[in-house]
Structure formats: C-alpha cells, structure tokens
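The next block is upload13.cif, given as mmCIF, C-alpha atoms.
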```cif
data_entry
loop_
_atom_site.group_PDB
_atom_site.id
_atom_site.type_symbol
_atom_site.label_atom_id
_atom_site.label_comp_id
_atom_site.auth_asym_id
_atom_site.auth_seq_id
_atom_site.Cartn_x
_atom_site.Cartn_y
_atom_site.Cartn_z
ATOM 1 C CA MET G 1 -7.290 46.456 -31.932
ATOM 2 C CA GLU G 2 -9.912 47.686 -29.535
ATOM 3 C CA ILE G 3 -10.619 45.314 -26.638
ATOM 4 C CA ALA G 4 -13.586 45.984 -24.348
ATOM 5 C CA GLU G 5 -13.932 44.472 -20.888
ATOM 6 C CA GLU G 6 -16.925 44.068 -18.591
ATOM 7 C CA ARG G 7 -17.045 42.699 -15.070
ATOM 8 C CA SER G 8 -20.146 40.865 -13.897
ATOM 9 C CA GLY G 9 -20.082 39.266 -10.457
ATOM 10 C CA ARG G 10 -17.118 36.910 -10.330
ATOM 11 C CA SER G 11 -16.872 36.803 -14.105
ATOM 12 C CA LEU G 12 -14.931 38.904 -16.570
ATOM 13 C CA VAL G 13 -15.949 39.397 -20.204
ATOM 14 C CA ILE G 14 -13.273 40.275 -22.761
ATOM 15 C CA ALA G 15 -14.591 41.457 -26.138
ATOM 16 C CA PRO G 16 -12.098 42.010 -28.977
ATOM 17 C CA LEU G 17 -13.343 44.195 -31.847
ATOM 18 C CA GLY G 18 -12.280 43.907 -35.487
ATOM 19 C CA ARG G 19 -10.219 41.272 -37.239
ATOM 20 C CA LEU G 20 -8.446 38.785 -34.974
ATOM 21 C CA ASP G 21 -5.425 38.157 -37.185
ATOM 22 C CA SER G 22 -1.714 37.462 -36.755
ATOM 23 C CA VAL G 23 -1.032 41.107 -35.917
ATOM 24 C CA SER G 24 -3.898 41.922 -33.537
ATOM 25 C CA SER G 25 -3.945 38.576 -31.723
ATOM 26 C CA GLY G 26 -0.841 39.583 -29.766
ATOM 27 C CA GLU G 27 -2.815 42.459 -28.248
ATOM 28 C CA LEU G 28 -5.608 40.112 -27.153
ATOM 29 C CA GLU G 29 -3.054 37.670 -25.761
ATOM 30 C CA ARG G 30 -1.470 40.379 -23.622
ATOM 31 C CA VAL G 31 -4.849 41.339 -22.118
ATOM 32 C CA VAL G 32 -5.920 37.737 -21.500
ATOM 33 C CA VAL G 33 -2.601 36.754 -19.907
ATOM 34 C CA ALA G 34 -2.570 39.871 -17.726
ATOM 35 C CA ARG G 35 -6.066 39.139 -16.409
ATOM 36 C CA LEU G 36 -5.317 35.462 -15.780
ATOM 37 C CA ASP G 37 -2.071 36.388 -14.031
ATOM 38 C CA ALA G 38 -4.085 38.783 -11.865
ATOM 39 C CA GLY G 39 -6.236 35.861 -10.716
ATOM 40 C CA GLU G 40 -9.296 35.907 -12.985
ATOM 41 C CA ARG G 41 -10.754 32.395 -13.121
ATOM 42 C CA ARG G 42 -14.144 32.853 -14.817
ATOM 43 C CA LEU G 43 -13.670 34.313 -18.238
ATOM 44 C CA ALA G 44 -15.979 34.861 -21.192
ATOM 45 C CA ILE G 45 -14.566 35.892 -24.552
ATOM 46 C CA ASP G 46 -17.292 37.651 -26.527
ATOM 47 C CA MET G 47 -16.583 37.262 -30.253
ATOM 48 C CA ALA G 48 -19.630 39.269 -31.452
ATOM 49 C CA GLY G 49 -17.431 42.153 -32.622
ATOM 50 C CA VAL G 50 -14.872 39.935 -34.372
ATOM 51 C CA GLU G 51 -14.994 40.055 -38.188
ATOM 52 C CA TYR G 52 -12.905 36.946 -38.636
ATOM 53 C CA VAL G 53 -10.318 34.900 -36.795
ATOM 54 C CA SER G 54 -7.160 33.256 -38.113
ATOM 55 C CA SER G 55 -4.989 30.601 -36.444
ATOM 56 C CA ALA G 56 -3.146 33.255 -34.430
ATOM 57 C CA GLY G 57 -6.461 34.132 -32.771
ATOM 58 C CA LEU G 58 -7.271 30.462 -32.220
ATOM 59 C CA ARG G 59 -3.931 30.153 -30.444
ATOM 60 C CA VAL G 60 -4.993 32.789 -27.892
ATOM 61 C CA LEU G 61 -8.343 31.045 -27.305
ATOM 62 C CA LEU G 62 -6.514 27.751 -26.803
ATOM 63 C CA LEU G 63 -4.062 29.337 -24.379
ATOM 64 C CA ALA G 64 -6.960 30.701 -22.303
ATOM 65 C CA ALA G 65 -8.769 27.345 -22.363
ATOM 66 C CA LYS G 66 -5.684 25.513 -21.136
ATOM 67 C CA ARG G 67 -5.111 27.901 -18.248
ATOM 68 C CA LEU G 68 -8.797 27.845 -17.279
ATOM 69 C CA LYS G 69 -9.298 24.115 -17.560
ATOM 70 C CA PRO G 70 -11.790 22.950 -14.902
ATOM 71 C CA PRO G 71 -11.591 22.802 -11.957
ATOM 72 C CA ALA G 72 -8.920 25.538 -12.024
ATOM 73 C CA GLY G 73 -11.279 27.897 -13.853
ATOM 74 C CA ALA G 74 -13.886 28.268 -16.550
ATOM 75 C CA LEU G 75 -13.862 29.750 -20.057
ATOM 76 C CA VAL G 76 -16.958 30.354 -22.171
ATOM 77 C CA LEU G 77 -17.019 31.691 -25.736
ATOM 78 C CA CYS G 78 -20.043 33.635 -26.946
ATOM 79 C CA GLY G 79 -21.242 35.824 -29.817
ATOM 80 C CA ILE G 80 -19.771 33.500 -32.426
ATOM 81 C CA GLY G 81 -20.812 34.555 -35.943
ATOM 82 C CA PRO G 82 -20.715 32.428 -39.117
ATOM 83 C CA SER G 83 -17.105 33.205 -40.131
ATOM 84 C CA VAL G 84 -15.698 32.557 -36.655
ATOM 85 C CA ARG G 85 -17.775 29.391 -36.279
ATOM 86 C CA THR G 86 -16.579 28.076 -39.637
ATOM 87 C CA VAL G 87 -12.918 28.555 -38.710
ATOM 88 C CA LEU G 88 -13.457 26.959 -35.276
ATOM 89 C CA GLU G 89 -15.110 23.979 -36.959
ATOM 90 C CA LEU G 90 -12.457 23.594 -39.676
ATOM 91 C CA ALA G 91 -9.789 23.623 -36.977
ATOM 92 C CA GLY G 92 -11.725 21.057 -34.931
ATOM 93 C CA PHE G 93 -11.939 23.558 -32.071
ATOM 94 C CA MET G 94 -15.687 23.636 -31.375
ATOM 95 C CA SER G 95 -15.496 20.576 -29.113
ATOM 96 C CA LEU G 96 -12.751 22.183 -27.029
ATOM 97 C CA PHE G 97 -14.828 25.136 -25.840
ATOM 98 C CA ALA G 98 -17.930 25.818 -23.814
ATOM 99 C CA VAL G 99 -20.078 27.987 -26.110
ATOM 100 C CA GLU G 100 -23.128 30.158 -25.389
ATOM 101 C CA PRO G 101 -25.127 32.258 -27.862
ATOM 102 C CA ALA G 102 -24.579 35.639 -26.241
ATOM 103 C CA ARG G 103 -23.001 37.432 -23.308
ATOM 104 C CA PRO G 104 -25.870 37.082 -20.765
ATOM 105 C CA GLN G 105 -25.930 33.285 -21.134
ATOM 106 C CA ALA G 106 -22.146 33.140 -20.957
ATOM 107 C CA ILE G 107 -22.128 35.110 -17.707
ATOM 108 C CA ALA G 108 -24.956 32.993 -16.270
ATOM 109 C CA ARG G 109 -23.015 29.824 -17.066
ATOM 110 C CA LEU G 110 -19.823 31.167 -15.514
ATOM 111 C CA GLU G 111 -21.605 32.379 -12.378
ATOM 112 C CA SER G 112 -23.227 28.969 -11.849
ATOM 113 C CA THR G 113 -19.881 27.177 -12.203
ATOM 114 C CA ALA G 114 -18.647 25.570 -8.997
ATOM 115 C CA PRO G 115 -17.061 26.396 -6.633
ATOM 116 C CA MET W 1 -20.194 44.394 -60.182
ATOM 117 C CA SER W 2 -17.678 46.364 -62.230
ATOM 118 C CA ALA W 3 -15.038 45.106 -64.652
ATOM 119 C CA GLY W 4 -12.834 43.581 -61.999
ATOM 120 C CA GLU W 5 -9.619 44.865 -60.581
ATOM 121 C CA THR W 6 -6.016 43.897 -59.875
ATOM 122 C CA ARG W 7 -3.977 45.519 -57.139
ATOM 123 C CA ARG W 8 -0.232 45.057 -56.820
ATOM 124 C CA LEU W 9 1.713 46.060 -53.769
ATOM 125 C CA SER W 10 5.017 45.483 -52.073
ATOM 126 C CA VAL W 11 5.035 45.373 -48.278
ATOM 127 C CA PRO W 12 7.848 44.983 -45.727
ATOM 128 C CA ALA W 13 8.143 41.555 -44.100
ATOM 129 C CA THR W 14 6.864 42.865 -40.776
ATOM 130 C CA ASP W 15 3.594 43.059 -38.850
ATOM 131 C CA GLU W 16 3.078 46.499 -40.411
ATOM 132 C CA GLY W 17 3.395 44.889 -43.822
ATOM 133 C CA ILE W 18 0.791 42.251 -42.963
ATOM 134 C CA ARG W 19 -1.560 44.995 -41.775
ATOM 135 C CA ALA W 20 -1.003 46.981 -44.985
ATOM 136 C CA ALA W 21 -1.743 43.893 -47.104
ATOM 137 C CA LEU W 22 -4.969 43.088 -45.244
ATOM 138 C CA ASP W 23 -6.018 46.754 -45.506
ATOM 139 C CA ALA W 24 -5.389 46.643 -49.269
ATOM 140 C CA LEU W 25 -7.530 43.521 -49.547
ATOM 141 C CA GLU W 26 -10.356 45.224 -47.658
ATOM 142 C CA GLY W 27 -9.988 48.216 -49.964
ATOM 143 C CA LEU W 28 -10.459 45.925 -52.947
ATOM 144 C CA TRP W 29 -13.670 44.460 -51.483
ATOM 145 C CA THR W 30 -15.019 47.925 -50.784
ATOM 146 C CA ALA W 31 -14.163 49.209 -54.268
ATOM 147 C CA GLN W 32 -15.738 46.155 -55.902
ATOM 148 C CA GLY W 33 -18.779 45.935 -53.627
ATOM 149 C CA VAL W 34 -17.927 42.478 -52.309
ATOM 150 C CA SER W 35 -19.464 41.667 -48.927
ATOM 151 C CA ARG W 36 -17.471 40.404 -45.960
ATOM 152 C CA ALA W 37 -19.819 37.436 -45.776
ATOM 153 C CA VAL W 38 -18.136 35.942 -48.848
ATOM 154 C CA SER W 39 -14.694 37.585 -48.724
ATOM 155 C CA TRP W 40 -13.521 36.639 -45.220
ATOM 156 C CA PRO W 41 -11.956 33.257 -46.181
ATOM 157 C CA VAL W 42 -9.541 35.114 -48.469
ATOM 158 C CA ALA W 43 -8.572 37.515 -45.680
ATOM 159 C CA VAL W 44 -7.967 34.685 -43.206
ATOM 160 C CA SER W 45 -5.896 32.813 -45.801
ATOM 161 C CA LEU W 46 -3.822 35.870 -46.698
ATOM 162 C CA ASP W 47 -3.122 36.461 -43.010
ATOM 163 C CA GLU W 48 -1.992 32.841 -42.559
ATOM 164 C CA VAL W 49 0.263 32.913 -45.589
ATOM 165 C CA LEU W 50 1.841 36.274 -44.714
ATOM 166 C CA ALA W 51 2.348 35.303 -41.068
ATOM 167 C CA ASN W 52 4.200 32.235 -42.341
ATOM 168 C CA VAL W 53 6.419 34.289 -44.631
ATOM 169 C CA VAL W 54 7.106 37.094 -42.148
ATOM 170 C CA HIS W 55 7.665 34.931 -39.063
ATOM 171 C CA HIS W 56 9.485 32.046 -40.754
ATOM 172 C CA ALA W 57 10.757 32.478 -44.310
ATOM 173 C CA LEU W 58 11.941 36.078 -43.871
ATOM 174 C CA ALA W 59 12.228 36.119 -40.064
ATOM 175 C CA GLY W 60 14.858 38.488 -38.726
ATOM 176 C CA ARG W 61 15.484 40.299 -41.987
ATOM 177 C CA GLY W 62 13.407 43.284 -40.933
ATOM 178 C CA ASP W 63 12.384 46.142 -43.170
ATOM 179 C CA SER W 64 14.810 45.275 -45.969
ATOM 180 C CA ALA W 65 12.876 42.092 -46.810
ATOM 181 C CA ARG W 66 9.805 42.621 -48.955
ATOM 182 C CA VAL W 67 6.787 40.567 -49.894
ATOM 183 C CA GLU W 68 5.236 41.170 -53.318
ATOM 184 C CA LEU W 69 1.477 40.799 -53.591
ATOM 185 C CA GLU W 70 -1.060 40.695 -56.343
ATOM 186 C CA LEU W 71 -4.737 40.798 -55.406
ATOM 187 C CA GLN W 72 -7.116 40.096 -58.245
ATOM 188 C CA LEU W 73 -10.889 40.063 -58.420
ATOM 189 C CA GLU W 74 -12.645 38.838 -61.536
ATOM 190 C CA PRO W 75 -16.343 39.580 -61.843
ATOM 191 C CA GLY W 76 -18.747 36.724 -62.374
ATOM 192 C CA ASP W 77 -21.387 34.722 -60.641
ATOM 193 C CA PRO W 78 -19.770 34.020 -58.311
ATOM 194 C CA PRO W 79 -16.800 36.412 -58.563
ATOM 195 C CA ARG W 80 -13.365 34.806 -58.427
ATOM 196 C CA CYS W 81 -10.518 36.033 -56.278
ATOM 197 C CA GLU W 82 -6.874 35.199 -56.874
ATOM 198 C CA VAL W 83 -4.058 36.183 -54.518
ATOM 199 C CA ARG W 84 -0.360 35.854 -55.363
ATOM 200 C CA VAL W 85 2.333 36.135 -52.715
ATOM 201 C CA GLU W 86 6.028 36.193 -53.587
ATOM 202 C CA ASP W 87 9.184 36.432 -51.470
ATOM 203 C CA ASP W 88 12.920 35.799 -51.904
ATOM 204 C CA GLY W 89 13.395 33.854 -48.653
ATOM 205 C CA PRO W 90 14.817 30.321 -48.482
ATOM 206 C CA ALA W 91 12.829 27.723 -50.433
ATOM 207 C CA PHE W 92 9.828 26.744 -48.341
ATOM 208 C CA ASP W 93 6.766 24.865 -49.490
ATOM 209 C CA PRO W 94 4.130 25.352 -46.790
ATOM 210 C CA LEU W 95 1.890 22.800 -48.506
ATOM 211 C CA ALA W 96 4.431 20.036 -47.861
ATOM 212 C CA ALA W 97 4.017 20.279 -44.078
ATOM 213 C CA ALA W 98 2.097 17.466 -42.378
ATOM 214 C CA ALA W 99 -1.518 18.206 -41.536
ATOM 215 C CA PRO W 100 -2.169 18.728 -37.821
ATOM 216 C CA ASP W 101 -4.485 16.429 -35.885
ATOM 217 C CA THR W 102 -7.673 18.485 -35.708
ATOM 218 C CA ALA W 103 -9.352 15.852 -33.518
ATOM 219 C CA ALA W 104 -6.838 15.970 -30.641
ATOM 220 C CA GLY W 105 -7.946 16.992 -27.149
ATOM 221 C CA LEU W 106 -7.132 20.270 -25.394
ATOM 222 C CA ASP W 107 -3.804 19.162 -23.905
ATOM 223 C CA GLU W 108 -2.463 17.478 -27.023
ATOM 224 C CA ARG W 109 -3.559 20.165 -29.454
ATOM 225 C CA PRO W 110 -0.637 21.578 -31.470
ATOM 226 C CA ILE W 111 -0.932 25.004 -33.086
ATOM 227 C CA GLY W 112 1.890 24.744 -35.583
ATOM 228 C CA GLY W 113 0.649 23.819 -39.040
ATOM 229 C CA LEU W 114 -2.916 24.785 -38.273
ATOM 230 C CA GLY W 115 -2.732 28.009 -40.288
ATOM 231 C CA ILE W 116 -1.771 26.329 -43.552
ATOM 232 C CA GLU W 117 -4.354 23.612 -42.957
ATOM 233 C CA LEU W 118 -6.983 26.359 -42.676
ATOM 234 C CA VAL W 119 -5.778 27.877 -45.953
ATOM 235 C CA LYS W 120 -6.139 24.525 -47.711
ATOM 236 C CA ARG W 121 -9.668 24.100 -46.362
ATOM 237 C CA LEU W 122 -10.767 27.697 -47.044
ATOM 238 C CA MET W 123 -9.429 28.110 -50.577
ATOM 239 C CA ASP W 124 -10.479 26.308 -53.748
ATOM 240 C CA GLU W 125 -6.885 26.104 -54.988
ATOM 241 C CA VAL W 126 -3.479 26.601 -53.400
ATOM 242 C CA HIS W 127 -0.331 26.370 -55.527
ATOM 243 C CA TYR W 128 3.324 26.696 -54.574
ATOM 244 C CA GLU W 129 6.318 27.004 -56.837
ATOM 245 C CA ARG W 130 9.960 27.898 -56.413
ATOM 246 C CA LYS W 131 11.099 29.939 -59.355
ATOM 247 C CA GLN W 132 14.149 32.131 -59.943
ATOM 248 C CA GLY W 133 15.080 32.032 -56.277
ATOM 249 C CA ARG W 134 11.644 33.083 -55.129
ATOM 250 C CA ASN W 135 8.760 31.424 -53.296
ATOM 251 C CA ARG W 136 5.506 31.897 -55.148
ATOM 252 C CA LEU W 137 2.140 31.061 -53.627
ATOM 253 C CA ARG W 138 -1.103 31.393 -55.525
ATOM 254 C CA LEU W 139 -4.499 31.166 -53.789
ATOM 255 C CA VAL W 140 -7.816 30.985 -55.600
ATOM 256 C CA ARG W 141 -11.357 31.114 -54.277
ATOM 257 C CA ARG W 142 -14.739 31.574 -55.863
ATOM 258 C CA LEU W 143 -16.531 34.013 -53.559
ATOM 259 C CA VAL W 144 -19.546 32.033 -52.428
ATOM 260 C CA ALA W 145 -20.888 32.050 -48.877
ATOM 261 C CA MET W 146 -19.304 29.486 -46.600
ATOM 262 C CA GLU W 147 -21.698 28.234 -43.961
ATOM 263 C CA PRO W 148 -20.678 26.509 -40.747
ATOM 264 C CA GLU W 149 -21.384 22.767 -40.762
ATOM 265 C CA GLY W 150 -23.910 23.090 -37.956
ATOM 266 C CA ALA W 151 -25.930 25.894 -39.609
#
```
Show the structure stored in the file as structure tokens.
Amino acid sequence: MEIAEERSGRSLVIAPLGRLDSVSSGELERVVVARLDAGERRLAIDMAGVEYVSSAGLRVLLLAAKRLKPPAGALVLCGIGPSVRTVLELAGFMSLFAVEPARPQAIARLESTAP
Amino acid sequence: MSAGETRRLSVPATDEGIRAALDALEGLWTAQGVSRAVSWPVAVSLDEVLANVVHHALAGRGDSARVELELQLEPGDPPRCEVRVEDDGPAFDPLAAAAPDTAAGLDERPIGGLGIELVKRLMDEVHYERKQGRNRLRLVRRLVAMEPEGA
C-alpha cells in the first residue's frame, strides 16, 4: 500500500492510500511504529484516501491512540469517509478518537495541543 | 445490470491469497457495474473472514493449504451478493465466539473478536456449517448503501 507523509510544524501527517485490510495494515503499522519510536508525538492519520478499513486497520489506529494518549502525545484522525465512519461506529471506536474533517483542521488541533 | 455472475477461485492460505481474493471481488464489482459505495461491506467482511482462516484455522500450513471461494452477484433492486468460503482446517465456528465489548474505553479495548462482530453487523446473513471435514461460511448482503449513524 502507498503511504504518504507530510510534516507540518511539530506535527506529522500519515496518509494511507487504498484498502486498509488485513494484508496492508501491517505496512501502516510499521510506518506508524517507526515514527513513534523516532519520537513523533503529534500525529494525524488522514483517512481520505482509504477505500475501506477492516478490524486489522482499526488495530493500528488503536495502537497509535494508546501510545499517544495525552499528555504523552496527541492523535487526530481526519478525512473519514462514509465507509470508514460506519466501521468506526460499528466497532464503537468513534468515541476513542479525536476527529477533524480534514487535514488542515487536524494539523491546527495538533499544533494547539499543549505543551 | 447484467445477468449476474458467479466467480469461483482457490487461493493459498496466505496474505497473497487474501489479496487475490479481494482483487477477485473488486473485479466482480467492476464487471457488474456495482459501486464501491454499496459493495464495501462485503469486502470488509471477506477480509475479516479470510484473515480468521489464514491466521487461525490454517495458520502455519503455508502454501499447501487452500481456501475455496465462491463470489456470487445476483441482479435485482437491490442486487444481492453471496460469498462462500470453505477450508479443511480444524472445526471452527467463528460465530460462536463471544461478542467484544464495543463500549469499553481505550485501555480496556480488546481487538480479538472484533472482526467477526463487524461481519455480523455488516452482513444480512452469516451461516457456518461443518460438513465433510470442512468449514463452510456463507455471507449474504443485499447491496444497499450503508450510512453512518451520525449522517
């Protein structure tokens, strides 16, 4: 799977493209873990290019949320389309994540996060 | 919509096999002119079911283990999709597993069992049977748009 990254100030945006399924989720996990291990603490995951997500993809989002739990860090999801939103809701995951409509709002929220 | 279509394939019980199955499903949508907006729940469910088979039922058996698939689309308003998945692994009824707590907080949230719970919520019907030494799963969904609760 193709995974784009964009740095903005102290924040990093990771944007997976395509289907986030049991095969491709491992690739996203490797990128997320590598960036967190390297010290990234303000992370946005932009889901705008994701066709659909299965539980393997949810597992990666959950892993990132746990490692970036405030005050240790901050995670914001953005670009969530109808299929991704439906799966997040069915799994009861919406309440676990900070969500913004699109990347600019996600970055703004991360940049205004203390400290 | 055309007269409908059934595709049968046999894939290895590996990640490559899962990818091949999901590609075949996408090929069926394309051939039949079905939009992703209504077909995605079937793709998510097939991924969950195959991940279960490959990583649990047939784990460690490598390329020699196969999963047999039948992907069927019947025209109609709405069209109806039926997916059959068969393997010769140990008897395992994924539907018998306890449902996860989807209201738990971040720290208590388990991931195991979530996939099958999603399948149950995304599909209209899910059937399991053990027959002639094989696990047989059958998934059915009428392809109507599924809107998020908050939309």
Could you tell me which residues the PyMOL selection byres ((chain G) within 10 of (chain W)) grabs in this file, written as a PyMOL selection string?
-> chain G and resi 19-24+51-56+58-59+62-63+65-66+69+81-93+95-97
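Here CA of Asn135 (chain W) stands at a distance of 5.5 Å from CA of Glu86 (chain W).
The environment of Arg61 (chain W) within 12 Å, counting all atoms listed in the file and disregarding residues fewer than 6 places along the same chain, consists of Pro12, Ala13, Thr14, Val53, Val54, His55, Val67, Asp88, Gly89 and Pro90 of chain W.
The coordinates place CA of Glu129 (chain W) at 7.7 Å from CA of Asp93 (chain W).
Nearest to Lys131 (chain W) of all the residues W:Ala97, W:Leu28, W:Phe92, W:Val11 is W:Phe92, counting only C-alpha atoms.
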Mind telling me what the PyMOL selection byres ((chain G and resi 3-9) around 9) catches here, as a PyMOL selection string?
-> chain G and resi 1-2+10-17+27-28+31+107+111
For those residues, write C-alpha atoms to a file as a PDB file, keeping the file's coordinate frame.
```
ATOM      1  CA  MET G   1      -7.290  46.456 -31.932  1.00  0.00           C
ATOM      2  CA  GLU G   2      -9.912  47.686 -29.535  1.00  0.00           C
ATOM      3  CA  ARG G  10     -17.118  36.910 -10.330  1.00  0.00           C
ATOM      4  CA  SER G  11     -16.872  36.803 -14.105  1.00  0.00           C
ATOM      5  CA  LEU G  12     -14.931  38.904 -16.570  1.00  0.00           C
ATOM      6  CA  VAL G  13     -15.949  39.397 -20.204  1.00  0.00           C
ATOM      7  CA  ILE G  14     -13.273  40.275 -22.761  1.00  0.00           C
ATOM      8  CA  ALA G  15     -14.591  41.457 -26.138  1.00  0.00           C
ATOM      9  CA  PRO G  16     -12.098  42.010 -28.977  1.00  0.00           C
ATOM     10  CA  LEU G  17     -13.343  44.195 -31.847  1.00  0.00           C
ATOM     11  CA  GLU G  27      -2.815  42.459 -28.248  1.00  0.00           C
ATOM     12  CA  LEU G  28      -5.608  40.112 -27.153  1.00  0.00           C
ATOM     13  CA  VAL G  31      -4.849  41.339 -22.118  1.00  0.00           C
ATOM     14  CA  ILE G 107     -22.128  35.110 -17.707  1.00  0.00           C
ATOM     15  CA  GLU G 111     -21.605  32.379 -12.378  1.00  0.00           C
TER      16      GLU G 111
END
```
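For the file shown, the residue list from the PyMOL selection byres ((chain G and resi 77) around 10) reads Val13, Ile14, Leu43, Ala44, Ile45, Asp46, Met47, Ala48, Leu61, Ala65, Leu75, Val76, Cys78, Gly79, Ile80, Met94, Phe97, Ala98, Val99, Glu100, Pro101, Ala102, Arg103 and Ala106 of chain G.
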Residue selection dump (C-alpha atoms) as a PDB file, in the coordinates of the input:
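Saved to part.pdb:
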```
ATOM      1  CA  VAL G  13     -15.949  39.397 -20.204  1.00  0.00           C
ATOM      2  CA  ILE G  14     -13.273  40.275 -22.761  1.00  0.00           C
ATOM      3  CA  LEU G  43     -13.670  34.313 -18.238  1.00  0.00           C
ATOM      4  CA  ALA G  44     -15.979  34.861 -21.192  1.00  0.00           C
ATOM      5  CA  ILE G  45     -14.566  35.892 -24.552  1.00  0.00           C
ATOM      6  CA  ASP G  46     -17.292  37.651 -26.527  1.00  0.00           C
ATOM      7  CA  MET G  47     -16.583  37.262 -30.253  1.00  0.00           C
ATOM      8  CA  ALA G  48     -19.630  39.269 -31.452  1.00  0.00           C
ATOM      9  CA  LEU G  61      -8.343  31.045 -27.305  1.00  0.00           C
ATOM     10  CA  ALA G  65      -8.769  27.345 -22.363  1.00  0.00           C
ATOM     11  CA  LEU G  75     -13.862  29.750 -20.057  1.00  0.00           C
ATOM     12  CA  VAL G  76     -16.958  30.354 -22.171  1.00  0.00           C
ATOM     13  CA  CYS G  78     -20.043  33.635 -26.946  1.00  0.00           C
ATOM     14  CA  GLY G  79     -21.242  35.824 -29.817  1.00  0.00           C
ATOM     15  CA  ILE G  80     -19.771  33.500 -32.426  1.00  0.00           C
ATOM     16  CA  MET G  94     -15.687  23.636 -31.375  1.00  0.00           C
ATOM     17  CA  PHE G  97     -14.828  25.136 -25.840  1.00  0.00           C
ATOM     18  CA  ALA G  98     -17.930  25.818 -23.814  1.00  0.00           C
ATOM     19  CA  VAL G  99     -20.078  27.987 -26.110  1.00  0.00           C
ATOM     20  CA  GLU G 100     -23.128  30.158 -25.389  1.00  0.00           C
ATOM     21  CA  PRO G 101     -25.127  32.258 -27.862  1.00  0.00           C
ATOM     22  CA  ALA G 102     -24.579  35.639 -26.241  1.00  0.00           C
ATOM     23  CA  ARG G 103     -23.001  37.432 -23.308  1.00  0.00           C
ATOM     24  CA  ALA G 106     -22.146  33.140 -20.957  1.00  0.00           C
TER      25      ALA G 106
END
```
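Between CA of Pro94 (chain W) and CA of His127 (chain W) the separation is 9.9 Å.
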Excluding Glu68 (chain W) and its own-chain neighbours fewer than 2 positions away, which residues fall within 9 Å of it when counting only C-alpha atoms? Please give them as a short mmCIF file (atom, residue, chain, number, x, y, z; two decimals) with C-alpha atoms, in the frame of the given file.
```
data_model
loop_
_atom_site.label_atom_id
_atom_site.label_comp_id
_atom_site.auth_asym_id
_atom_site.auth_seq_id
_atom_site.Cartn_x
_atom_site.Cartn_y
_atom_site.Cartn_z
CA ARG W 8 -0.23 45.06 -56.82
CA LEU W 9 1.71 46.06 -53.77
CA SER W 10 5.02 45.48 -52.07
CA VAL W 11 5.04 45.37 -48.28
CA PRO W 12 7.85 44.98 -45.73
CA ARG W 66 9.80 42.62 -48.96
CA GLU W 70 -1.06 40.70 -56.34
CA ARG W 84 -0.36 35.85 -55.36
CA VAL W 85 2.33 36.14 -52.72
CA GLU W 86 6.03 36.19 -53.59
CA ASP W 87 9.18 36.43 -51.47
#
```
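Distance check against Leu110 (chain G) using only C-alpha atoms: of G:Gly18, G:Arg30, G:Val50, G:Arg42, the minimum falls on G:Arg42.
When all atoms listed in the file are used to compute distances to Ala96 (chain W), the closest of the residues W:Arg134, W:Leu58, W:Val140, W:Tyr128 turns out to be W:Tyr128.
Checking W:Ala65, W:Ala59, W:Val42, W:Gly4 one by one against Met123 (chain W), counting all atoms listed in the file, you find the shortest gap at W:Val42.
The closest residue to Gly76 (chain W), picked from W:Ala57, W:Ala24, W:Trp29, W:Leu143 and counting all atoms listed in the file, is W:Leu143.
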